[in-house]
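Coordinates from model36.cif are shown below (mmCIF, C-alpha atoms).
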```cif
data_coords
#
loop_
_atom_site.label_atom_id
_atom_site.label_comp_id
_atom_site.auth_asym_id
_atom_site.auth_seq_id
_atom_site.Cartn_x
_atom_site.Cartn_y
_atom_site.Cartn_z
CA MET G 1 37.88 4.18 4.12
CA VAL G 2 34.07 3.84 4.04
CA LEU G 3 32.37 6.11 1.49
CA LEU G 4 29.04 7.55 2.56
CA SER G 5 26.27 6.97 0.05
CA ARG G 6 24.85 10.14 -1.49
CA GLY G 7 21.18 10.88 -1.90
CA LEU G 8 21.75 12.05 -5.47
CA LEU G 9 23.25 8.73 -6.57
CA ASP G 10 20.05 7.26 -8.04
CA VAL G 11 19.04 10.56 -9.65
CA GLY G 12 22.49 10.92 -11.20
CA ALA G 13 22.47 7.36 -12.51
CA GLY G 14 19.11 7.97 -14.13
CA ALA G 15 20.35 11.19 -15.70
CA LEU G 16 23.45 9.46 -17.14
CA GLY G 17 21.22 6.89 -18.75
CA THR G 18 19.04 9.56 -20.33
CA PHE G 19 21.09 12.62 -21.30
CA PRO G 20 24.36 13.07 -23.26
CA VAL G 21 25.86 15.40 -20.64
CA VAL G 22 25.38 15.45 -16.87
CA VAL G 23 26.88 18.31 -14.87
CA VAL G 24 27.43 17.95 -11.12
CA GLN G 25 27.88 21.43 -9.68
CA GLY G 26 28.51 22.54 -6.13
CA ALA G 27 31.00 24.08 -3.75
CA ARG G 28 34.55 22.86 -3.49
CA GLN G 29 35.04 19.82 -1.26
CA VAL G 30 31.41 18.69 -1.11
CA GLY G 31 32.28 15.41 -2.84
CA LYS G 32 31.62 16.04 -6.54
CA SER G 33 34.55 13.93 -7.77
CA THR G 34 33.63 11.16 -5.33
CA LEU G 35 30.03 11.17 -6.54
CA ALA G 36 31.25 11.12 -10.15
CA GLY G 37 33.36 8.06 -9.34
CA MET G 38 30.35 6.35 -7.77
CA LEU G 39 28.21 7.13 -10.82
CA VAL G 40 30.63 5.51 -13.27
CA GLN G 41 31.60 2.57 -11.07
CA GLY G 42 31.35 -0.62 -13.11
CA ARG G 43 31.08 1.30 -16.38
CA GLU G 44 33.63 2.15 -19.06
CA ALA G 45 34.88 5.56 -18.03
CA ARG G 46 37.94 7.80 -17.94
CA GLN G 47 38.25 10.52 -15.29
CA VAL G 48 40.48 13.59 -15.72
CA THR G 49 40.75 16.79 -13.72
CA LEU G 50 41.49 20.30 -14.98
CA ASP G 51 43.01 21.08 -11.58
CA ASP G 52 46.07 19.32 -13.09
CA LEU G 53 48.02 21.94 -15.04
CA ALA G 54 49.27 19.41 -17.58
CA VAL G 55 45.74 18.18 -18.26
CA ARG G 56 44.49 21.74 -18.55
CA GLY G 57 47.28 22.54 -20.99
CA ALA G 58 46.32 19.57 -23.15
CA ALA G 59 42.69 20.68 -23.18
CA GLU G 60 43.70 24.20 -24.23
CA GLU G 61 46.11 23.02 -26.93
CA ASP G 62 43.78 20.50 -28.58
CA PRO G 63 40.20 20.82 -27.29
CA VAL G 64 38.71 18.55 -29.95
CA GLY G 65 41.20 15.77 -29.30
CA PHE G 66 40.72 16.21 -25.54
CA VAL G 67 36.94 15.91 -25.74
CA GLU G 68 37.06 12.94 -28.11
CA GLN G 69 39.73 11.02 -26.17
CA PHE G 70 37.32 8.36 -24.85
CA PRO G 71 34.61 7.83 -27.48
CA ASP G 72 33.46 4.41 -26.29
CA GLY G 73 32.61 5.32 -22.70
CA ILE G 74 31.98 8.15 -20.29
CA LEU G 75 34.52 10.96 -20.13
CA VAL G 76 34.51 12.52 -16.66
CA ILE G 77 36.00 16.02 -16.56
CA ASP G 78 36.47 17.50 -13.08
CA GLU G 79 36.55 21.28 -12.47
CA VAL G 80 35.42 22.07 -16.01
CA GLN G 81 34.94 25.76 -15.12
CA LEU G 82 38.74 26.12 -15.31
CA GLN G 83 38.53 25.67 -19.10
CA PRO G 84 35.06 27.02 -20.01
CA ALA G 85 35.79 27.05 -23.75
CA LEU G 86 35.64 23.24 -23.61
CA LEU G 87 31.87 23.47 -23.32
CA ARG G 88 31.59 24.67 -26.91
CA THR G 89 33.64 21.70 -28.08
CA ILE G 90 31.49 19.34 -26.01
CA LYS G 91 28.38 20.89 -27.55
CA ALA G 92 29.69 20.24 -31.07
CA SER G 93 30.63 16.66 -30.16
CA VAL G 94 27.20 15.96 -28.69
CA ASP G 95 25.49 17.42 -31.76
CA ARG G 96 27.34 14.83 -33.82
CA ASN G 97 26.53 11.98 -31.44
CA ARG G 98 23.71 12.40 -28.90
CA VAL G 99 23.82 9.01 -27.18
CA PRO G 100 23.21 9.18 -23.41
CA GLY G 101 26.05 9.21 -20.92
CA ARG G 102 28.87 10.63 -23.03
CA PHE G 103 30.14 13.27 -20.61
CA LEU G 104 30.02 13.69 -16.84
CA LEU G 105 31.28 17.13 -15.81
CA THR G 106 31.88 18.61 -12.37
CA GLY G 107 32.26 22.28 -11.54
CA SER G 108 32.92 24.36 -8.42
CA ALA G 109 31.50 27.53 -9.96
CA ASN G 110 28.26 28.17 -11.77
CA LEU G 111 29.17 27.55 -15.41
CA LEU G 112 26.89 30.34 -16.60
CA ARG G 113 28.93 32.92 -14.66
CA VAL G 114 32.53 31.99 -15.41
CA LYS G 115 34.75 34.20 -17.54
CA GLY G 116 35.65 33.32 -21.10
CA GLU G 117 33.83 31.83 -24.06
CA THR G 118 31.40 29.23 -22.84
CA ASP G 119 28.08 27.60 -23.65
CA SER G 120 25.08 26.69 -21.53
CA LEU G 121 24.69 23.28 -23.25
CA ALA G 122 20.95 23.97 -23.21
CA GLY G 123 19.01 20.98 -24.51
CA ARG G 124 22.05 18.74 -24.21
CA ALA G 125 22.88 18.71 -20.50
CA VAL G 126 21.17 18.47 -17.13
CA SER G 127 22.66 19.84 -13.94
CA LEU G 128 22.62 18.33 -10.47
CA ARG G 129 23.39 20.56 -7.50
CA LEU G 130 25.49 18.65 -4.96
CA ARG G 131 25.57 20.22 -1.52
CA GLY G 132 27.38 19.20 1.63
CA LEU G 133 26.37 15.99 3.37
CA SER G 134 22.88 16.03 4.82
CA GLN G 135 22.31 14.69 8.32
CA GLY G 136 20.61 11.68 6.78
CA GLU G 137 23.60 10.96 4.57
CA ILE G 138 25.93 11.31 7.55
CA GLN G 139 23.85 8.82 9.54
CA GLY G 140 23.17 6.43 6.68
CA ARG G 141 19.46 7.28 6.47
CA ARG G 142 17.39 8.21 3.43
CA ASP G 143 16.05 11.57 4.57
CA ASP G 144 12.95 12.88 2.77
CA PHE G 145 11.07 15.02 5.27
CA VAL G 146 8.53 16.62 2.94
CA ALA G 147 7.42 13.33 1.38
CA ARG G 148 7.11 11.66 4.78
CA VAL G 149 5.09 14.48 6.32
CA LEU G 150 2.70 14.33 3.38
CA GLY G 151 2.49 10.56 3.59
CA ALA G 152 1.81 10.32 7.33
CA ALA G 153 0.24 13.63 8.29
CA GLU G 154 -2.01 12.08 10.94
CA ASN G 155 0.95 10.60 12.83
CA VAL G 156 3.79 13.09 12.44
CA ASP G 157 3.26 14.55 15.92
CA ARG G 158 4.22 11.18 17.44
CA VAL G 159 7.89 11.66 16.61
CA SER G 160 10.41 11.72 19.47
CA THR G 161 14.16 12.15 19.58
CA GLN G 162 17.29 11.90 21.71
CA TRP G 163 18.64 15.11 20.19
CA ALA G 164 18.96 18.13 22.48
CA ARG G 165 20.49 21.59 22.15
CA PRO G 166 24.15 20.43 22.49
CA ASP G 167 23.61 17.83 19.73
CA TYR G 168 22.22 20.42 17.34
CA VAL G 169 25.06 22.83 18.11
CA ARG G 170 27.58 20.09 17.34
CA ALA G 171 25.86 19.50 14.01
CA PHE G 172 25.91 23.23 13.22
CA ALA G 173 29.62 23.44 14.06
CA ALA G 174 30.49 20.35 11.99
CA GLY G 175 28.65 21.44 8.84
CA GLY G 176 28.45 19.17 5.82
CA PHE G 177 31.90 19.09 4.22
CA PRO G 178 33.15 15.48 4.30
CA GLU G 179 36.70 16.46 5.27
CA ALA G 180 35.54 18.78 8.06
CA LEU G 181 33.55 15.94 9.59
CA LYS G 182 36.73 13.89 10.01
CA VAL G 183 38.47 16.39 12.31
CA GLU G 184 37.57 18.50 15.33
CA GLY G 185 38.78 21.45 17.34
CA ARG G 186 41.82 23.34 16.07
CA MET G 187 42.25 21.07 13.05
CA ARG G 188 38.71 21.77 11.87
CA SER G 189 39.27 25.50 12.34
CA LEU G 190 42.42 25.35 10.23
CA LEU G 191 40.60 23.42 7.52
CA LEU G 192 37.70 25.89 7.42
CA ASP G 193 40.04 28.89 7.42
CA GLY G 194 41.96 27.45 4.48
CA TYR G 195 38.73 26.76 2.63
CA LEU G 196 37.47 30.31 3.14
CA GLU G 197 40.81 31.73 2.02
CA ARG G 198 40.62 29.75 -1.21
CA ILE G 199 37.05 30.79 -1.99
CA LEU G 200 37.18 34.42 -0.86
CA GLU G 201 40.68 35.32 -2.06
CA ARG G 202 41.01 33.22 -5.23
CA ASP G 203 37.81 31.69 -6.61
CA ALA G 204 35.25 34.45 -6.05
CA PRO G 205 37.50 37.34 -7.17
CA SER G 206 38.24 35.48 -10.43
CA LEU G 207 34.56 35.58 -11.45
CA PRO G 208 33.00 38.47 -13.40
CA GLY G 209 32.52 41.35 -10.98
CA GLY G 210 34.34 39.48 -8.24
CA GLY G 211 36.54 42.47 -7.59
CA GLN G 212 38.49 42.90 -4.39
CA ALA G 213 39.02 39.96 -2.05
CA ALA G 214 38.81 42.12 1.07
CA ARG G 215 35.40 43.42 0.06
CA ILE G 216 34.11 39.95 -0.74
CA ARG G 217 35.18 38.71 2.69
CA SER G 218 33.53 41.70 4.35
CA VAL G 219 30.23 41.00 2.59
CA ALA G 220 30.41 37.27 3.37
CA THR G 221 31.09 37.96 7.07
CA LEU G 222 28.17 40.37 7.33
CA LEU G 223 25.85 37.82 5.75
CA ALA G 224 27.09 35.12 8.14
CA SER G 225 26.46 37.39 11.11
CA ASN G 226 22.82 37.67 10.04
CA GLN G 227 22.14 34.09 8.92
CA ALA G 228 18.74 33.71 7.23
CA GLY G 229 18.17 37.46 7.36
CA GLU G 230 16.51 39.46 4.61
CA LEU G 231 18.84 40.79 1.97
CA VAL G 232 18.90 44.59 2.23
CA LYS G 233 21.64 45.82 -0.10
CA ALA G 234 21.58 49.37 1.27
CA ARG G 235 22.22 48.07 4.78
CA LEU G 236 25.06 45.83 3.55
CA ALA G 237 26.61 48.76 1.73
CA ASP G 238 26.40 50.95 4.84
CA GLN G 239 27.84 48.28 7.14
CA SER G 240 30.71 47.37 4.79
CA ALA G 241 31.46 50.88 3.48
CA ILE G 242 31.13 49.51 -0.06
CA PRO G 243 29.20 51.45 -2.73
CA GLN G 244 25.69 50.06 -3.03
CA ASN G 245 26.00 49.64 -6.79
CA SER G 246 28.88 47.19 -6.19
CA ILE G 247 27.12 45.00 -3.62
CA GLY G 248 25.24 43.04 -6.26
CA THR G 249 28.40 41.94 -8.06
CA TYR G 250 29.93 40.61 -4.84
CA LEU G 251 26.74 38.75 -4.00
CA ASP G 252 26.77 37.21 -7.49
CA ALA G 253 30.35 36.02 -6.98
CA LEU G 254 29.51 34.46 -3.60
CA GLU G 255 26.45 32.75 -5.05
CA ALA G 256 28.36 31.52 -8.12
CA THR G 257 30.93 29.81 -5.89
CA TYR G 258 28.09 28.28 -3.84
CA LEU G 259 29.14 29.99 -0.62
CA ILE G 260 25.70 31.54 -0.12
CA ASP G 261 22.10 30.59 -0.86
CA LEU G 262 19.18 32.92 -1.51
CA LEU G 263 15.58 32.07 -0.64
CA LYS G 264 13.10 33.93 -2.80
CA PRO G 265 10.04 35.52 -1.24
CA TRP G 266 6.86 33.55 -1.70
CA GLY G 267 4.59 35.44 -4.08
CA ALA G 268 1.22 33.96 -3.14
CA ASN G 269 -0.55 37.35 -2.97
CA LEU G 270 -2.14 36.53 0.37
CA THR G 271 -2.17 40.26 1.06
CA LYS G 272 -1.19 43.40 -0.83
CA ARG G 273 1.55 44.16 1.67
CA GLU G 274 4.01 41.32 1.01
CA ILE G 275 7.75 42.04 1.16
CA GLY G 276 9.68 41.14 -1.97
CA ARG G 277 13.22 40.75 -0.62
CA PRO G 278 14.99 37.37 -0.54
CA LYS G 279 16.59 35.85 2.51
CA VAL G 280 20.26 34.98 2.33
CA PHE G 281 22.54 32.68 4.30
CA VAL G 282 26.00 31.13 4.15
CA SER G 283 25.29 27.65 2.79
CA ASP G 284 27.34 25.68 5.30
CA SER G 285 26.70 26.28 9.00
CA ALA G 286 30.30 25.53 9.98
CA LEU G 287 31.59 28.17 7.56
CA ALA G 288 29.05 30.68 8.86
CA MET G 289 30.20 30.10 12.42
CA ARG G 290 33.86 30.31 11.44
CA LEU G 291 33.40 33.56 9.50
CA THR G 292 31.93 35.21 12.60
CA ARG G 293 34.16 33.34 15.07
CA THR G 294 31.08 31.94 16.79
CA THR G 295 31.91 29.01 19.05
CA SER G 296 29.84 26.00 20.09
CA GLN G 297 30.07 27.15 23.70
CA GLN G 298 28.42 30.45 22.76
CA LEU G 299 25.53 28.73 20.99
CA GLU G 300 24.94 26.25 23.81
CA SER G 301 24.22 29.16 26.14
CA LEU G 302 20.49 29.71 26.58
CA THR G 303 21.09 33.45 26.23
CA SER G 304 22.60 33.14 22.75
CA THR G 305 21.09 35.60 20.25
CA ARG G 306 22.73 34.00 17.20
CA ILE G 307 21.45 30.46 17.41
CA GLY G 308 18.04 31.30 15.95
CA GLY G 309 19.37 32.43 12.57
CA ILE G 310 21.91 29.61 12.43
CA ALA G 311 19.21 27.03 13.20
CA GLU G 312 16.88 28.46 10.54
CA ALA G 313 19.62 28.45 7.90
CA PHE G 314 20.57 24.90 8.90
CA VAL G 315 16.98 23.69 8.41
CA ALA G 316 16.72 25.51 5.08
CA GLY G 317 19.97 23.88 3.99
CA GLU G 318 18.75 20.40 4.92
CA LEU G 319 15.55 20.90 2.91
CA LEU G 320 17.53 22.17 -0.09
CA LYS G 321 19.74 19.08 0.09
CA GLN G 322 16.75 16.74 0.25
CA GLN G 323 15.12 18.61 -2.62
CA GLY G 324 17.65 16.96 -4.94
CA TRP G 325 16.41 13.41 -4.27
CA SER G 326 12.97 13.75 -2.67
CA ASP G 327 10.10 11.59 -3.93
CA VAL G 328 8.08 14.81 -4.36
CA GLU G 329 9.08 17.95 -6.26
CA PHE G 330 9.06 21.18 -4.26
CA GLU G 331 10.51 24.67 -4.02
CA VAL G 332 11.53 26.51 -0.85
CA PHE G 333 10.63 30.17 -0.16
CA HIS G 334 10.04 32.49 2.78
CA TYR G 335 7.12 34.79 3.58
CA ARG G 336 6.73 38.17 5.28
CA ASP G 337 4.40 41.11 4.95
CA ARG G 338 4.55 44.68 6.21
CA ASP G 339 2.09 43.91 9.00
CA GLY G 340 4.68 41.66 10.67
CA VAL G 341 3.24 38.31 9.61
CA GLU G 342 6.06 35.98 8.62
CA VAL G 343 6.86 32.35 8.05
CA ASP G 344 10.47 31.21 8.01
CA LEU G 345 10.11 28.63 5.23
CA ILE G 346 7.38 27.94 2.69
CA VAL G 347 7.60 24.60 0.91
CA GLU G 348 5.44 24.69 -2.23
CA LEU G 349 4.82 21.44 -4.07
CA ASP G 350 4.37 21.17 -7.81
CA ASP G 351 0.66 20.40 -7.29
CA GLY G 352 0.16 23.70 -5.45
CA ARG G 353 -0.01 22.34 -1.90
CA VAL G 354 2.00 24.13 0.76
CA LEU G 355 3.86 23.21 3.93
CA ALA G 356 4.70 26.17 6.16
CA ILE G 357 7.62 25.82 8.58
CA GLU G 358 8.79 27.92 11.53
CA VAL G 359 12.19 27.22 13.12
CA LYS G 360 12.75 27.90 16.81
CA SER G 361 15.74 27.27 19.06
CA SER G 362 13.62 26.73 22.17
CA ALA G 363 12.72 23.37 23.71
CA THR G 364 9.04 24.28 24.15
CA TYR G 365 6.23 25.06 21.73
CA LYS G 366 4.32 28.28 22.34
CA PRO G 367 1.05 29.51 20.79
CA GLU G 368 2.77 32.56 19.33
CA HIS G 369 5.14 30.29 17.36
CA PHE G 370 2.15 29.26 15.25
CA LYS G 371 0.88 32.77 14.40
CA GLY G 372 2.24 32.88 10.86
CA LEU G 373 1.29 29.27 10.20
CA ARG G 374 -2.33 29.94 11.17
CA PHE G 375 -2.39 32.99 8.91
CA VAL G 376 -1.24 30.97 5.89
CA ARG G 377 -3.57 28.07 6.74
CA ASP G 378 -6.64 30.26 7.00
CA ARG G 379 -5.98 31.90 3.63
CA LEU G 380 -4.97 28.84 1.65
CA GLY G 381 -7.74 26.50 2.73
CA ASP G 382 -7.38 23.06 1.15
CA ARG G 383 -4.02 23.97 -0.42
CA PHE G 384 -2.52 24.07 3.07
CA ALA G 385 -0.95 20.65 3.71
CA GLY G 386 0.40 21.50 7.14
CA GLY G 387 2.21 23.95 9.38
CA ILE G 388 5.15 22.80 11.44
CA VAL G 389 7.19 24.44 14.17
CA LEU G 390 10.60 22.76 14.24
CA GLY G 391 12.35 23.26 17.57
CA MET G 392 14.60 21.59 20.11
CA ALA G 393 11.91 19.77 22.07
CA ALA G 394 12.22 16.01 22.50
CA GLU G 395 8.62 15.19 21.49
CA GLY G 396 6.18 16.12 18.78
CA LEU G 397 2.89 17.83 19.60
CA ARG G 398 -0.36 18.46 17.70
CA PHE G 399 -1.27 22.15 17.97
CA GLY G 400 -4.56 22.44 16.12
CA ASP G 401 -5.95 21.78 12.67
CA ARG G 402 -3.01 20.72 10.45
CA LEU G 403 -0.52 22.31 12.89
CA TRP G 404 2.27 20.39 14.62
CA GLY G 405 5.35 20.96 16.71
CA MET G 406 8.25 18.64 15.92
CA PRO G 407 11.95 18.34 16.82
CA ILE G 408 14.36 19.63 14.20
CA SER G 409 15.80 16.12 13.98
CA ALA G 410 12.52 14.98 12.39
CA LEU G 411 14.08 16.31 9.17
CA TRP G 412 16.12 13.11 9.06
CA GLU G 413 14.50 10.87 11.71
CA LEU G 414 10.83 11.01 10.68
#
```

Written as structure tokens, that's how I'd like the structure from this file.
Amino acid sequence: MVLLSRGLLDVGAGALGTFPVVVVQGARQVGKSTLAGMLVQGREARQVTLDDLAVRGAAEEDPVGFVEQFPDGILVIDEVQLQPALLRTIKASVDRNRVPGRFLLTGSANLLRVKGETDSLAGRAVSLRLRGLSQGEIQGRRDDFVARVLGAAENVDRVSTQWARPDYVRAFAAGGFPEALKVEGRMRSLLLDGYLERILERDAPSLPGGGQAARIRSVATLLASNQAGELVKARLADQSAIPQNSIGTYLDALEATYLIDLLKPWGANLTKREIGRPKVFVSDSALAMRLTRTTSQQLESLTSTRIGGIAEAFVAGELLKQQGWSDVEFEVFHYRDRDGVEVDLIVELDDGRVLAIEVKSSATYKPEHFKGLRFVRDRLGDRFAGGIVLGMAAEGLRFGDRLWGMPISALWEL
């Protein structure tokens, strides 16, 4: 079996050579254990998993002995959130011996939100967020869209692609889970259903405030039906018949298990009428489609009303994946004000420059697609690095000063 290289491999190797503890966190089945194995390949290491009841029992019975079992190499502990008290023992061990690369931990739930006595390992550990496979990883490319746009701004409109609407729909339906990419049709549906059952009926309810599995599934399905929509808790409460004061706890549980992502609003103060609600989407497009029973055939129809949100969430997800290994540091936001001006995605670099991105499911670029991008450009001046409409056209197109239309596939083909 050929293992796909991961974009985080070099970053993880550097972290292991620098910090005593490296934590790889992410959803179940995104390849955390595989990445951990790649990181320690050729090095003295021992890998154990707390998914094994016997191993978990040993860790509970003698945490000090468990943590100190491999003092001369790297101890890899998979699914560490199943025994959160171990983190305190790891902290004490690191305080006695702070050499780099002592522990490599993986977790399928945010370690700051699990039940039981735990520790953040602040000052001792760094965390890497592993997401599903990016399109670049799937195709064996090093995808770094933001860095390449900034490095070749005068030529980015020259991009062309073989990708068309059916190709994008297939990518949406496949998602980024390695196992889901190996199967199709009914087998993929069974795999995704089993995954959702595990997360929504076991993992999420076990977290603080997780509550009732039926309610968590209801909230997740509503979010999937409005991919990349603004988070309005009152509307969610009304649609799900769940008290509004409980919605937040269910959202926390879904976020802690990495089923959903939130995009914060961009607070640039361009006007005094900016909306301060985040956008929210199910992190994997295949799971979003399965939750709502949306088929590829439905999305391939030119009359589909759902493809726009799915495409936007897909693009946001690809950028968040690339964020982990990009040559430039950036954050991803969204923008909207009460006058109706909006931009799907705002990429803000650490030097203050901004890329503004609109996502469209059409195969043509239209002047109105650039309305929000022009608004941001005219107010930011020199801080504005570029505005891009990503759509399903085959060719790129310059559309004015620092404005371009590009195919969505430029995210990994540029």

Which residues would end up in the selection if the PyMOL selection byres ((chain G and resi 169) around 12) were applied here, given that I need the answer as a VMD selection string? chain G and resid 163 to 168 170 to 175 285 to 286 289 294 to 302 304 306 to 308 310 to 311 314 361 392 408

Report as a JSON list (two decimals) with C-alpha atoms, in the frame of the given file the full result of the PyMOL selection byres ((chain G and resi 105) around 8) when it is applied to this structure.
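Everything below was put into expr.json:
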```json
[["chain", "number", "residue", "atom", "x", "y", "z"],
["G", 21, "VAL", "CA", 25.86, 15.40, -20.64],
["G", 22, "VAL", "CA", 25.38, 15.45, -16.87],
["G", 23, "VAL", "CA", 26.88, 18.31, -14.87],
["G", 24, "VAL", "CA", 27.43, 17.95, -11.12],
["G", 76, "VAL", "CA", 34.51, 12.52, -16.66],
["G", 77, "ILE", "CA", 36.00, 16.02, -16.56],
["G", 78, "ASP", "CA", 36.47, 17.50, -13.08],
["G", 79, "GLU", "CA", 36.55, 21.28, -12.47],
["G", 80, "VAL", "CA", 35.42, 22.07, -16.01],
["G", 103, "PHE", "CA", 30.14, 13.27, -20.61],
["G", 104, "LEU", "CA", 30.02, 13.69, -16.84],
["G", 106, "THR", "CA", 31.88, 18.61, -12.37],
["G", 107, "GLY", "CA", 32.26, 22.28, -11.54]]
```

For the structure shown, which residues end up in the PyMOL selection byres ((chain G and resi 200) around 12)? Put them as a PyMOL selection string, please? chain G and resi 192-199+201-207+210-221+250-251+253-260+287+291

Residues as selected, C-alpha atoms, written as a PDB file, in the frame of the given file, can you do that?
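Printed below is part21.pdb as written:
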```pdb
ATOM      1  CA  LEU G 192      37.700  25.890   7.420  1.00  0.00           C
ATOM      2  CA  ASP G 193      40.040  28.890   7.420  1.00  0.00           C
ATOM      3  CA  GLY G 194      41.960  27.450   4.480  1.00  0.00           C
ATOM      4  CA  TYR G 195      38.730  26.760   2.630  1.00  0.00           C
ATOM      5  CA  LEU G 196      37.470  30.310   3.140  1.00  0.00           C
ATOM      6  CA  GLU G 197      40.810  31.730   2.020  1.00  0.00           C
ATOM      7  CA  ARG G 198      40.620  29.750  -1.210  1.00  0.00           C
ATOM      8  CA  ILE G 199      37.050  30.790  -1.990  1.00  0.00           C
ATOM      9  CA  GLU G 201      40.680  35.320  -2.060  1.00  0.00           C
ATOM     10  CA  ARG G 202      41.010  33.220  -5.230  1.00  0.00           C
ATOM     11  CA  ASP G 203      37.810  31.690  -6.610  1.00  0.00           C
ATOM     12  CA  ALA G 204      35.250  34.450  -6.050  1.00  0.00           C
ATOM     13  CA  PRO G 205      37.500  37.340  -7.170  1.00  0.00           C
ATOM     14  CA  SER G 206      38.240  35.480 -10.430  1.00  0.00           C
ATOM     15  CA  LEU G 207      34.560  35.580 -11.450  1.00  0.00           C
ATOM     16  CA  GLY G 210      34.340  39.480  -8.240  1.00  0.00           C
ATOM     17  CA  GLY G 211      36.540  42.470  -7.590  1.00  0.00           C
ATOM     18  CA  GLN G 212      38.490  42.900  -4.390  1.00  0.00           C
ATOM     19  CA  ALA G 213      39.020  39.960  -2.050  1.00  0.00           C
ATOM     20  CA  ALA G 214      38.810  42.120   1.070  1.00  0.00           C
ATOM     21  CA  ARG G 215      35.400  43.420   0.060  1.00  0.00           C
ATOM     22  CA  ILE G 216      34.110  39.950  -0.740  1.00  0.00           C
ATOM     23  CA  ARG G 217      35.180  38.710   2.690  1.00  0.00           C
ATOM     24  CA  SER G 218      33.530  41.700   4.350  1.00  0.00           C
ATOM     25  CA  VAL G 219      30.230  41.000   2.590  1.00  0.00           C
ATOM     26  CA  ALA G 220      30.410  37.270   3.370  1.00  0.00           C
ATOM     27  CA  THR G 221      31.090  37.960   7.070  1.00  0.00           C
ATOM     28  CA  TYR G 250      29.930  40.610  -4.840  1.00  0.00           C
ATOM     29  CA  LEU G 251      26.740  38.750  -4.000  1.00  0.00           C
ATOM     30  CA  ALA G 253      30.350  36.020  -6.980  1.00  0.00           C
ATOM     31  CA  LEU G 254      29.510  34.460  -3.600  1.00  0.00           C
ATOM     32  CA  GLU G 255      26.450  32.750  -5.050  1.00  0.00           C
ATOM     33  CA  ALA G 256      28.360  31.520  -8.120  1.00  0.00           C
ATOM     34  CA  THR G 257      30.930  29.810  -5.890  1.00  0.00           C
ATOM     35  CA  TYR G 258      28.090  28.280  -3.840  1.00  0.00           C
ATOM     36  CA  LEU G 259      29.140  29.990  -0.620  1.00  0.00           C
ATOM     37  CA  ILE G 260      25.700  31.540  -0.120  1.00  0.00           C
ATOM     38  CA  LEU G 287      31.590  28.170   7.560  1.00  0.00           C
ATOM     39  CA  LEU G 291      33.400  33.560   9.500  1.00  0.00           C
TER      40      LEU G 291
END
```

So what do you get for CA of Arg277 in chain G versus CA of Arg338 in chain G, distance-wise? 11.7 Å

Got a sec: who's within 9 Å of Val11 in chain G, counting all atoms listed in the file, leaving out chain neighbours fewer than 4 positions off, as a list of chain:residue names? G:Gly7, G:Ala15, G:Leu16, G:Leu128, G:Gly324, G:Trp325

CA of Gln322 in chain G to CA of Ser225 in chain G, distance in Å rounded to a single decimal: 25.3 Å

Given the point (11.0, 34.3, 4.2) in the file's coordinates, find the residues that have an atom at most 9 Å from it, counting all atoms listed in the file, and give them as a VMD selection string. chain G and resid 228 to 230 263 to 266 275 277 to 279 333 to 336 342 to 346

Between CA of Arg235 in chain G and CA of Val332 in chain G, what is the distance, to one decimal in Å? 24.7 Å

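Using all atoms listed in the file, the shortest contact distance between Ala92 in chain G and any of G:Lys366, G:Arg46, G:Ala316, G:Leu121 is found at G:Leu121.
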
Compile a residue-level contact table for range 303-396 of chain G against range 150-161 of chain G at a cut-off of 6 Å, reporting for every qualifying residue the shortest atom pair and its distance in Å to one decimal, with all atoms listed in the file counted, rows ordered by chain and ascending number, as a Markdown table.
```
| residue | atom | partner | partner_atom | distance |
| --- | --- | --- | --- | --- |
| G:Ala394 | CA | G:Thr161 | CA | 5.2 |
| G:Glu395 | CA | G:Ser160 | CA | 4.4 |
| G:Gly396 | CA | G:Asp157 | CA | 4.4 |
```

Quick one: residues within 12 Å of Ile138 in chain G, only C-alpha atoms counted, chain neighbours fewer than 3 positions away excluded, as a list of chain:residue names?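 Here the answer would be G:Val2, G:Leu3, G:Leu4, G:Ser5, G:Arg6, G:Gly7, G:Gly132, G:Leu133, G:Ser134, G:Gln135, G:Arg141, G:Arg142, G:Asp143, G:Ala171, G:Ala174, G:Gly175, G:Gly176, G:Phe177, G:Pro178, G:Leu181, G:Lys182, G:Glu318, G:Trp412.
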
Take every atom of range 255-265 of chain G listed in the file, pad by 8 Å on each side, and give me the axis-aligned box centre and edge lengths in Å, one decimal, as JSON.
```
{"center_x": 20.5, "center_y": 31.9, "center_z": -4.1, "size_x": 36.9, "size_y": 23.2, "size_z": 24.0}
```

Measuring atom to atom with all atoms listed in the file, identify which of G:Gly309, G:Pro407, G:Gly267, G:Gly26 is nearest to Val280 in chain G. G:Gly309

For Glu329 in chain G, which residue among G:Gly391, G:Lys32, G:Pro71, G:Asp144 is the nearest when counting all atoms listed in the file?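 Going through G:Gly391, G:Lys32, G:Pro71, G:Asp144 one by one, the smallest distance to Glu329 in chain G is for G:Asp144.
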